[in-house]
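Raw coords04.cif, mmCIF, C-alpha atoms:
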data_my_file
loop_
_atom_site.label_atom_id
_atom_site.label_comp_id
_atom_site.auth_asym_id
_atom_site.auth_seq_id
_atom_site.Cartn_x
_atom_site.Cartn_y
_atom_site.Cartn_z
CA MET A 3 -84.11 -6.44 44.34
CA ASN A 4 -82.36 -9.81 44.38
CA ALA A 5 -84.92 -12.46 45.38
CA ALA A 6 -82.50 -14.23 47.73
CA LEU A 7 -82.21 -11.10 49.87
CA LYS A 8 -85.88 -11.42 50.77
CA TRP A 9 -84.95 -14.62 52.61
CA LEU A 10 -81.65 -13.43 54.10
CA ILE A 11 -82.60 -10.05 55.60
CA PRO A 12 -85.38 -11.18 58.01
CA PRO A 13 -83.19 -13.75 59.86
CA ILE A 14 -80.36 -11.20 60.05
CA PHE A 15 -82.79 -8.76 61.69
CA ILE A 16 -84.13 -11.32 64.18
CA LEU A 17 -80.76 -12.78 65.15
CA ALA A 18 -79.12 -9.35 65.50
CA LEU A 19 -82.01 -8.23 67.71
CA VAL A 20 -81.47 -11.28 69.93
CA ALA A 21 -77.70 -10.73 70.07
CA ALA A 22 -77.98 -7.01 70.85
CA VAL A 23 -80.60 -7.44 73.61
CA ALA A 24 -78.66 -10.32 75.16
CA GLY A 25 -75.46 -8.27 75.12
CA LEU A 26 -77.11 -5.33 76.86
CA TRP A 27 -78.98 -7.45 79.39
CA PRO A 28 -77.58 -6.70 82.88
CA GLY A 29 -75.91 -9.43 84.89
CA ALA A 30 -74.64 -9.87 88.42
CA GLY A 31 -70.98 -10.25 89.22
CA ALA A 32 -67.86 -8.43 90.32
CA PRO A 33 -64.98 -7.70 87.91
CA TYR A 34 -61.60 -9.06 88.97
CA PRO A 35 -57.98 -8.49 87.92
CA TYR A 36 -56.22 -11.04 85.73
CA THR A 37 -52.75 -11.44 84.27
CA THR A 38 -52.70 -12.84 80.74
CA LEU A 39 -50.17 -15.33 79.39
CA ARG A 40 -48.24 -12.40 77.90
CA GLY A 41 -48.11 -10.58 81.23
CA GLU A 42 -50.78 -7.98 80.42
CA GLN A 43 -52.78 -6.76 83.42
CA VAL A 44 -56.50 -6.74 82.58
CA THR A 45 -59.82 -6.73 84.43
CA ILE A 46 -62.30 -9.51 83.59
CA ASN A 47 -65.91 -8.33 83.30
CA ALA A 48 -67.43 -11.35 85.14
CA ARG A 49 -71.06 -10.41 84.47
CA GLY A 50 -73.72 -10.73 81.82
CA LEU A 51 -73.20 -12.28 78.40
CA TYR A 52 -69.65 -10.95 78.21
CA THR A 53 -68.55 -12.66 81.43
CA TRP A 54 -65.17 -13.81 80.11
CA ASP A 55 -64.28 -10.62 78.25
CA THR A 56 -62.39 -7.76 79.85
CA VAL A 57 -64.25 -4.74 81.21
CA SER A 58 -62.86 -2.64 78.35
CA THR A 59 -63.87 -5.16 75.66
CA ALA A 60 -67.34 -5.63 77.18
CA ALA A 61 -67.84 -1.86 77.19
CA GLN A 62 -67.00 -1.76 73.48
CA MET A 63 -69.28 -4.66 72.57
CA GLN A 64 -72.19 -3.26 74.57
CA ALA A 65 -71.78 0.11 72.86
CA ASN A 66 -71.93 -1.72 69.53
CA ASP A 67 -75.01 -3.62 70.71
CA LEU A 68 -76.69 -0.30 71.51
CA VAL A 69 -75.90 1.13 68.07
CA THR A 70 -77.16 -2.09 66.45
CA LEU A 71 -80.41 -1.88 68.41
CA VAL A 72 -81.10 1.85 68.03
CA VAL A 73 -79.61 2.61 64.60
CA GLY A 74 -78.54 -0.54 62.72
CA LEU A 75 -81.79 -2.51 62.93
CA PRO A 76 -84.08 0.42 62.01
CA LEU A 77 -81.79 1.23 59.06
CA LEU A 78 -81.84 -2.41 57.97
CA ALA A 79 -85.64 -2.53 58.09
CA ALA A 80 -86.15 0.83 56.35
CA SER A 81 -83.60 0.17 53.60
CA PHE A 82 -85.01 -3.32 53.03
CA ILE A 83 -88.50 -1.91 52.53
CA LEU A 84 -87.23 0.82 50.18
CA ALA A 85 -85.09 -1.66 48.24
CA ARG A 86 -88.08 -3.96 47.73
CA ARG A 87 -89.91 -1.00 46.18
CA GLY A 88 -87.08 -0.60 43.66
CA SER A 89 -85.48 2.51 45.18
CA LEU A 90 -81.82 2.96 44.30
CA ARG A 91 -81.34 5.03 47.45
CA GLY A 92 -82.80 2.14 49.44
CA ARG A 93 -80.56 -0.40 47.73
CA LEU A 94 -77.43 1.65 48.36
CA LEU A 95 -78.42 2.16 51.99
CA LEU A 96 -79.14 -1.56 52.33
CA ALA A 97 -75.69 -2.48 50.98
CA GLY A 98 -74.00 -0.04 53.38
CA THR A 99 -76.04 -1.32 56.33
CA LEU A 100 -75.23 -4.93 55.47
CA GLY A 101 -71.57 -3.91 55.44
CA PHE A 102 -71.98 -2.74 59.04
CA PHE A 103 -73.59 -6.02 60.12
CA LEU A 104 -70.93 -8.03 58.29
CA TYR A 105 -68.10 -6.14 59.99
CA THR A 106 -69.79 -6.28 63.40
CA TYR A 107 -70.44 -10.00 63.54
CA MET A 108 -67.19 -10.96 61.87
CA SER A 109 -65.46 -9.17 64.74
CA MET A 110 -67.75 -10.82 67.30
CA CYS A 111 -66.92 -14.28 65.91
CA PHE A 112 -63.19 -13.72 66.30
CA GLY A 113 -62.96 -11.19 69.12
CA ALA A 114 -65.59 -12.03 71.73
CA ALA A 115 -64.75 -14.64 74.34
CA PHE A 116 -66.76 -17.81 73.73
CA ASN A 117 -70.30 -17.44 75.07
CA PRO A 118 -73.75 -19.05 74.51
CA LEU A 119 -74.39 -16.89 71.42
CA PHE A 120 -71.34 -18.03 69.48
CA LEU A 121 -73.41 -19.84 66.84
CA VAL A 122 -75.66 -16.78 66.55
CA TYR A 123 -72.57 -14.69 65.72
CA VAL A 124 -71.48 -17.30 63.17
CA ALA A 125 -74.93 -17.30 61.56
CA LEU A 126 -74.99 -13.49 61.43
CA PHE A 127 -71.51 -13.41 59.94
CA GLY A 128 -72.46 -15.89 57.22
CA LEU A 129 -75.88 -14.41 56.44
CA SER A 130 -74.49 -10.86 56.33
CA LEU A 131 -71.62 -11.94 54.08
CA TYR A 132 -73.89 -13.66 51.57
CA ALA A 133 -76.45 -10.85 51.68
CA PHE A 134 -73.75 -8.20 51.17
CA ILE A 135 -72.26 -10.06 48.19
CA LEU A 136 -75.68 -10.57 46.57
CA SER A 137 -76.58 -6.95 47.21
CA MET A 138 -73.41 -5.73 45.49
CA MET A 139 -73.95 -8.14 42.57
CA SER A 140 -77.49 -6.90 41.99
CA PHE A 141 -76.50 -3.43 40.70
CA ASP A 142 -76.40 -2.73 36.98
CA LEU A 143 -72.94 -1.17 36.91
CA ALA A 144 -73.24 0.06 33.33
CA ALA A 145 -76.24 2.20 34.23
CA LEU A 146 -75.12 3.29 37.70
CA PRO A 147 -73.01 6.42 36.93
CA ALA A 148 -75.89 8.00 35.01
CA ARG A 149 -78.07 7.70 38.12
CA PHE A 150 -75.98 10.30 39.95
CA SER A 151 -76.25 14.02 39.40
CA ALA A 152 -73.31 15.99 38.03
CA ARG A 153 -73.45 17.98 41.29
CA LEU A 154 -72.29 14.95 43.30
CA PRO A 155 -69.21 16.12 45.30
CA ARG A 156 -66.97 13.38 43.97
CA ARG A 157 -63.69 15.02 45.00
CA THR A 158 -64.92 15.65 48.54
CA ILE A 159 -66.17 12.09 48.95
CA ALA A 160 -62.94 10.66 47.51
CA GLY A 161 -60.87 12.92 49.77
CA ALA A 162 -62.81 11.78 52.84
CA LEU A 163 -62.26 8.14 51.91
CA PHE A 164 -58.52 8.77 51.50
CA VAL A 165 -58.36 10.49 54.90
CA VAL A 166 -60.17 7.61 56.64
CA ALA A 167 -57.85 5.07 55.01
CA ALA A 168 -54.76 7.07 56.03
CA PHE A 169 -56.02 7.54 59.59
CA LEU A 170 -56.70 3.81 60.05
CA ALA A 171 -53.37 2.84 58.50
CA LEU A 172 -51.34 5.27 60.63
CA ALA A 173 -53.23 4.58 63.87
CA TRP A 174 -53.15 0.80 63.61
CA LEU A 175 -49.61 0.50 62.21
CA GLY A 176 -48.45 2.65 65.11
CA ARG A 177 -50.16 0.34 67.59
CA ILE A 178 -48.71 -2.75 65.88
CA ALA A 179 -45.21 -1.23 65.92
CA ALA A 180 -45.52 -0.47 69.63
CA ALA A 181 -46.69 -4.03 70.35
CA ALA A 182 -43.82 -5.51 68.32
CA ALA A 183 -41.10 -3.50 70.11
CA PRO A 184 -38.54 -5.61 72.00
CA GLY A 185 -39.77 -6.35 75.52
CA ALA A 186 -43.16 -4.72 74.94
CA ILE A 187 -46.34 -6.31 76.31
CA PRO A 188 -48.97 -6.03 73.56
CA THR A 189 -52.28 -4.48 74.57
CA LEU A 190 -54.49 -7.36 73.43
CA GLU A 191 -57.22 -7.25 76.12
CA ASN A 192 -57.02 -11.03 76.63
CA THR A 193 -57.38 -11.83 72.90
CA THR A 194 -54.80 -13.73 70.89
CA SER A 195 -53.96 -11.00 68.36
CA LEU A 196 -54.86 -7.56 67.00
CA PHE A 197 -57.82 -8.83 64.99
CA ILE A 198 -59.57 -5.46 64.54
CA GLN A 199 -56.39 -3.95 63.18
CA ALA A 200 -56.06 -6.90 60.79
CA MET A 201 -59.64 -6.44 59.58
CA ASP A 202 -59.28 -2.69 59.09
CA LEU A 203 -55.92 -2.89 57.32
CA ALA A 204 -57.07 -5.69 55.01
CA LEU A 205 -60.79 -5.05 54.47
CA ILE A 206 -61.44 -1.35 55.14
CA ALA A 207 -58.45 0.85 54.25
CA PRO A 208 -57.62 -0.65 50.80
CA PRO A 209 -61.25 -0.50 49.52
CA CYS A 210 -61.44 3.12 50.71
CA VAL A 211 -58.43 4.04 48.58
CA LEU A 212 -59.74 2.02 45.63
CA ALA A 213 -63.20 3.59 45.90
CA GLY A 214 -61.76 7.10 46.00
CA VAL A 215 -59.53 6.53 42.96
CA LEU A 216 -62.31 4.92 40.92
CA LEU A 217 -64.80 7.63 41.89
CA LEU A 218 -62.41 10.34 40.68
CA ARG A 219 -62.18 8.43 37.40
CA ARG A 220 -66.00 8.26 37.19
CA SER A 221 -65.85 4.48 37.20
CA ALA A 222 -69.08 2.62 37.92
CA TRP A 223 -67.36 0.64 40.65
CA GLY A 224 -66.19 3.90 42.15
CA TYR A 225 -69.75 5.17 42.53
CA LEU A 226 -70.88 1.90 44.09
CA LEU A 227 -67.93 1.36 46.46
CA ALA A 228 -67.88 5.00 47.54
CA SER A 229 -71.63 4.99 48.21
CA VAL A 230 -71.45 1.82 50.26
CA GLY A 231 -68.37 3.04 52.13
CA VAL A 232 -69.87 6.41 53.07
CA LEU A 233 -73.14 4.86 54.23
CA LYS A 234 -71.34 2.14 56.19
CA PHE A 235 -69.04 4.59 57.97
CA ILE A 236 -72.02 6.34 59.56
CA THR A 237 -72.97 3.30 61.64
CA LEU A 238 -69.40 2.10 62.08
CA GLY A 239 -68.14 5.54 63.13
CA LEU A 240 -71.04 5.97 65.54
CA ALA A 241 -70.38 2.53 67.05
CA VAL A 242 -66.66 3.19 67.57
CA SER A 243 -67.42 6.64 69.02
CA LEU A 244 -69.77 5.13 71.61
CA MET A 245 -67.23 2.37 72.28
CA ALA A 246 -64.63 4.98 73.18
CA LEU A 247 -67.06 6.90 75.39
CA ASN A 248 -68.20 3.72 77.14
CA GLN A 249 -64.58 2.68 77.70
CA ALA A 250 -63.89 6.07 79.26
CA ARG A 251 -67.00 5.64 81.43
CA VAL A 252 -65.77 2.37 82.92
CA GLY A 253 -62.28 3.75 83.45
CA ALA A 254 -60.51 1.92 80.62
CA ALA A 255 -57.56 3.59 78.92
CA ILE A 256 -58.57 5.32 75.69
CA SER A 257 -56.66 7.53 73.31
CA PRO A 258 -57.89 11.16 73.17
CA VAL A 259 -57.31 10.99 69.41
CA GLU A 260 -59.92 8.23 69.10
CA LEU A 261 -62.38 10.24 71.20
CA ILE A 262 -62.11 13.06 68.65
CA ALA A 263 -61.42 11.27 65.37
CA PHE A 264 -64.29 8.78 65.24
CA PRO A 265 -67.11 11.22 66.11
CA LEU A 266 -65.64 13.50 63.42
CA ILE A 267 -65.62 10.60 60.93
CA THR A 268 -69.27 9.94 61.79
CA LEU A 269 -70.35 13.55 61.26
CA VAL A 270 -68.41 13.97 58.02
CA ASN A 271 -69.80 10.76 56.56
CA LEU A 272 -73.31 11.67 57.65
CA ALA A 273 -73.02 14.95 55.74
CA LEU A 274 -71.56 13.15 52.72
CA ALA A 275 -74.31 10.52 52.83
CA VAL A 276 -76.97 13.25 52.72
CA ALA A 277 -75.21 14.85 49.75
CA LEU A 278 -74.82 11.50 48.04
CA LEU A 279 -78.44 10.42 48.42
CA ARG A 280 -79.71 13.86 47.40
CA ASN A 281 -77.74 13.57 44.17
CA VAL A 282 -79.33 10.29 43.14
CA THR A 283 -81.68 11.14 40.29
CA PRO A 284 -85.42 10.85 41.10
CA GLU A 285 -85.95 8.04 38.63
CA ALA A 286 -83.04 6.12 40.17
CA SER A 287 -84.50 2.68 40.31
CA ILE A 288 -82.22 0.32 38.47
CA PRO A 289 -82.90 -3.31 37.63
CA CYS A 290 -80.90 -6.04 39.20
CA VAL A 291 -78.74 -8.33 37.13
CA SER A 292 -80.20 -11.80 36.67
CA THR A 293 -77.98 -14.83 36.56
CA SER A 294 -78.72 -18.46 35.90
CA SER A 295 -78.70 -19.20 39.63
CA VAL A 296 -80.14 -16.00 41.11
CA SER A 297 -83.37 -14.42 39.99
CA CYS A 298 -84.44 -10.80 40.42
#
Please go through the file and, once you have read it, give me the structure as structure tokens.
Amino acid sequence: MNAALKWLIPPIFILALVAAVAGLWPGAGAPYPYTTLRGEQVTINARGLYTWDTVSTAAQMQANDLVTLVVGLPLLAASFILARRGSLRGRLLLAGTLGFFLYTYMSMCFGAAFNPLFLVYVALFGLSLYAFILSMMSFDLAALPARFSARLPRRTIAGALFVVAAFLALAWLGRIAAAAAPGAIPTLENTTSLFIQAMDLALIAPPCVLAGVLLLRRSAWGYLLASVGVLKFITLGLAVSLMALNQARVGAAISPVELIAFPLITLVNLALAVALLRNVTPEASIPCVSTSSVSC
């Protein structure tokens, strides 16, 4: 495993634990209605860490905090331990988990209303970004395809990645089109823009398509990107599913499609992750690639 990761993972774990507990910590206050500069009617949370966020946004962030606490942090710890032992399964799981933390705290930096943990979000964003890049760089791409069994369901995995990319593209482009219609009041929940849609359309959907195409071609990058994507979508899909349920719980408007689609994405990717990890050959422990600046 890349030596630098041994110094990056522990602070990610500690800071994410602090952020998740603080986000879930109850606070006193009474939500109140507010009209944004664009004329959107929202309800400000007015309690806890997410005081200045809307009730709907706070419900989403607290759902994500719960997933981070119950699923993300245990996965980070377990995959880190396995990766340090040289397990390819552990290293793939670590890369996918780091992708979840990167996405989560990038969105918190840009989407959460300013609060006392802003610098914690910035630190988590930076640490997760560097750790994810170093994790991806550490794989020996030339040897990677041989580490997967011929029974790996490549077409199924590629198809699932294509479906996720198409779903995100259609769902978010539809929302953007509705917001851009003449006279429409965009549903921004007191933020300045559709930042999640921007992240998904730029950072999630295109790599899904690329991973699927390369996997069908048996490219080394296809195996790596598809593995990381499938493993990441478990935590991400679970987080978005709980976000939708928590929004419904607090009475926020939520699309029935999202209530069905994201739990389905979670279950499908969980099944694919099991198949993927089972088809890693037993001796799958590959060396990392040393560079002049980073040692193994």
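Taking atom CA of Arg40 of chain A as the reference point, atom CA of Asp55 of chain A is found at 16.1 Å.
If you measure from each of A:Leu136, A:Leu126, A:Cys111, A:Leu100 to Val20 of chain A using all atoms listed in the file, the closest one turns out to be A:Leu126.
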All residues 12 Å or closer to Thr189 of chain A, all atoms listed in the file, same chain fewer than 4 positions away omitted, as a PyMOL selection string: chain A and resi 37-38+40-44+56+58-59+177-182+193-197+255-256
Put the listed atoms of segment 5-17 of chain A in a box along x, y and z with 8 Å added on every side and give me the centre and edge lengths in Å to one decimal, as AutoDock Vina command-line options.
--center_x -83.1 --center_y -11.7 --center_z 55.3 --size_x 21.5 --size_y 21.9 --size_z 35.8
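A search radius of 9 Å centred on (-85.9, -6.0, 57.8), applied to all atoms listed in the file, returns the residues Lys8, Ile11, Pro12, Pro13, Ile14, Phe15, Ile16, Leu75, Pro76, Leu77, Leu78, Ala79, Ala80, Ser81, Phe82 and Ile83 of chain A.
Put simply, atom CA of Asn66 of chain A is 5.2 Å away from atom CA of Ala241 of chain A.
The space between atom CA of Gly98 of chain A and atom CA of Lys234 of chain A spans 4.4 Å.
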Residue IDs satisfying the PyMOL selection byres ((chain A and resi 50) around 6), as a list of chain:residue names: A:Pro28, A:Gly29, A:Arg49, A:Leu51, A:Tyr52, A:Thr53
Resolved residues for the PyMOL selection byres ((chain A and resi 271) around 10) as a ChimeraX atom specification: /A:159,162-163,231-237,239,265-270,272-278
Residue nearest Leu170 of chain A among A:Val211, A:Ala18, A:Ala115, A:Met245 (counting all atoms listed in the file): A:Val211
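Around the point (-59.4, -6.9, 65.9), within 10 Å and counting all atoms listed in the file, we find these residues: Met108, Ser109, Met110, Phe112, Gly113, Ala114, Leu190, Thr193, Thr194, Ser195, Leu196, Phe197, Ile198, Gln199, Ala200, Met201 and Asp202 of chain A.
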